[in-house]
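Student: Handing you this structure, nothing more for now.
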Amino acid sequence: MRTVGSRGPKTMEAIMAAGVRLIYEHGYDALTLRQLAREVGLQPGSLYNYIETKQDLLVTLLRGHLTRLLVDVDQALAGVQDPLEKLRVFVEFHLMDHMVRKADVFIANSELRSLEPENRREIVSLRRAYERRLIDTLDECVAQGRLAPINTHVAAFAIIAMVTGICAWYRPDGPLTKAELVRMHTDMVFSGLPIPDEKK
């Protein structure tokens with residue numbers, strides 16, 4: 001059993017990491033705070049220095065995941081001017097990020113239903129902000145004539161659904177490298193978009 005101190009940021013990091021692992025393996029409903037405390041070497045009562053309820057744990061995990069995602073995608077897109085290149089960077093970022101954060105993504109998608117209404121509204125708002133990065137990029141492509149007119153909301157949701165699916169089957173020891181998978185998926189995204197003939 002791993003033992004950590006009763007206070008401090010390292011303990012909180014250990015609690016969050018154990019929470020991700022346990023929810024990913026067993027589901028939110030099956031998790032108990034006693035089990036979580038045991039996983040990080042705390043007495044159950046000491047856990048309340050950090051989280052008050054299972055719901056507190058879940059919303060903290062999802063808020064942290066999505067906030068980090070927004071910061072990282074903005075960093076990836078910073079300085080990119082060409083809208084089609086922005087689209088490529090977004091898709092490549094999403095794929096690389098989601099291949100290495102499978103557990104976080106799984107929980108964010110599967111346990112949204114477990115959030116209480118107010119918490120769900122907060123997390124959905126963060127998700128919408130991430131989706132908005134892609135929608136705005138597609139809008140920019142259309143406005144500049146780089147894409148033919150398209151329902152950018154539907155296109156964005158379709159793209160995200162496709163590239164998020166990699167979490168379900170990607171294995172580090174698989175026959176293709178991350179770079180090869182990113183290239184293949186990016187090519188499929190672009191081949192499905194209505195790019196005017198003169199821009200292909």
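Each chain in the structure tokens gets a letter, A, B and so on, in the order shown; residues start at 1 in every chain, and ligands are counted from 1 in the order they appear.
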Would you kindly return, as a count of residues only, each protein, DNA or RNA residue with an atom no farther than 10 Å from any atom of Trp169 in chain A, considering only C-alpha atoms and excluding same-chain residues fewer than 5 positions away?

Tutor: 3

Student: Residues at most 12 Å from Asp97 in chain A, counting only C-alpha atoms, excluding those fewer than 5 positions away in the same chain, as a CSV table (one decimal) with N, CA and C atoms, in the first residue's frame?

Tutor:
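Just written: selection_34.csv:
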```csv
chain,number,residue,atom,x,y,z
A,65,HIS,N,-9.7,17.8,-15.8
A,65,HIS,CA,-9.5,17.2,-17.1
A,65,HIS,C,-9.8,18.2,-18.2
A,66,LEU,N,-11.0,18.8,-18.2
A,66,LEU,CA,-11.5,19.7,-19.2
A,66,LEU,C,-10.8,21.0,-19.2
A,68,ARG,N,-7.7,21.5,-18.2
A,68,ARG,CA,-6.3,21.2,-18.8
A,68,ARG,C,-6.5,21.1,-20.3
A,69,LEU,N,-7.5,20.4,-20.8
A,69,LEU,CA,-7.7,20.2,-22.2
A,69,LEU,C,-7.8,21.6,-22.9
A,70,LEU,N,-8.6,22.5,-22.3
A,70,LEU,CA,-8.7,23.8,-22.9
A,70,LEU,C,-7.4,24.6,-23.0
A,72,ASP,N,-4.4,23.3,-23.0
A,72,ASP,CA,-3.4,22.7,-23.9
A,72,ASP,C,-3.8,22.9,-25.4
A,73,VAL,N,-5.1,22.8,-25.7
A,73,VAL,CA,-5.5,23.0,-27.1
A,73,VAL,C,-5.2,24.5,-27.5
A,76,ALA,N,-1.6,24.7,-28.3
A,76,ALA,CA,-1.3,24.1,-29.6
A,76,ALA,C,-1.7,25.0,-30.7
A,89,VAL,N,-4.2,21.0,-36.8
A,89,VAL,CA,-3.5,21.1,-35.5
A,89,VAL,C,-4.5,20.6,-34.4
A,90,PHE,N,-5.8,21.0,-34.5
A,90,PHE,CA,-6.8,20.6,-33.5
A,90,PHE,C,-6.9,19.1,-33.6
A,91,VAL,N,-7.1,18.5,-34.8
A,91,VAL,CA,-7.3,17.1,-34.9
A,91,VAL,C,-6.1,16.3,-34.4
A,92,GLU,N,-4.9,16.8,-34.8
A,92,GLU,CA,-3.7,16.1,-34.3
A,92,GLU,C,-3.5,16.2,-32.8
A,102,LYS,N,-6.5,7.9,-21.9
A,102,LYS,CA,-7.7,7.1,-22.1
A,102,LYS,C,-8.6,7.0,-20.9
A,103,ALA,N,-8.0,6.9,-19.7
A,103,ALA,CA,-8.9,6.8,-18.5
A,103,ALA,C,-9.7,8.1,-18.3
A,104,ASP,N,-9.0,9.2,-18.4
A,104,ASP,CA,-9.6,10.5,-18.2
A,104,ASP,C,-10.8,10.7,-19.2
A,105,VAL,N,-10.5,10.4,-20.4
A,105,VAL,CA,-11.5,10.6,-21.5
A,105,VAL,C,-12.7,9.6,-21.3
A,163,VAL,N,-12.5,11.0,-33.9
A,163,VAL,CA,-11.2,11.0,-33.4
A,163,VAL,C,-11.1,10.6,-31.9
A,164,THR,N,-12.2,10.8,-31.2
A,164,THR,CA,-12.3,10.3,-29.8
A,164,THR,C,-12.4,8.8,-29.7
A,166,ILE,N,-10.6,6.6,-30.9
A,166,ILE,CA,-9.3,6.0,-30.8
A,166,ILE,C,-9.1,5.5,-29.4
A,167,CYS,N,-9.7,6.1,-28.4
A,167,CYS,CA,-9.5,5.7,-27.0
A,167,CYS,C,-9.9,4.3,-26.7
A,178,LYS,N,1.9,6.1,-32.9
A,178,LYS,CA,1.0,7.3,-32.7
A,178,LYS,C,1.0,8.2,-33.9
A,182,VAL,N,-2.2,9.2,-36.1
A,182,VAL,CA,-2.6,10.6,-36.3
A,182,VAL,C,-2.7,10.9,-37.8
```

Student: Out of A:Arg121, A:His94, A:Arg146, A:Arg128, which residue has the shortest atom-to-atom distance to Ile160 in chain A when counting only C-alpha atoms?

Tutor: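 The closest residue to Ile160 in chain A is A:His94.
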
Student: Please determine, counting only C-alpha atoms, which residue among A:Ala148, A:Val59, A:Met184, A:Ala158 has the shortest atom-to-atom distance to Leu126 in chain A.

Tutor: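 Using only C-alpha atoms, Leu126 in chain A sits closest to A:Val59.
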
Student: For each of A:Ser46, A:Thr60, A:Ser191, A:Thr53, take the minimum atom-to-atom distance to Met16 in chain A, counting only C-alpha atoms, then give the residue where this is smallest.

Tutor: A:Thr60

Student: Need to verify the contact set: Ala17 in chain A, 12 Å, only C-alpha atoms, exclusion of same-chain residues closer than 3 positions in sequence. Can you return it as a list in words?

Tutor: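 Near Ala17 in chain A, the qualifying residues are Lys10, Thr11, Met12, Glu13, Ala14, Val20, Arg21, Leu22, Ile23, Tyr24, Leu36, Glu39, Val40, Leu57, Leu58, Thr60, Leu61, Gly64, His65, Arg101, Ala103 and Asp104 of chain A.
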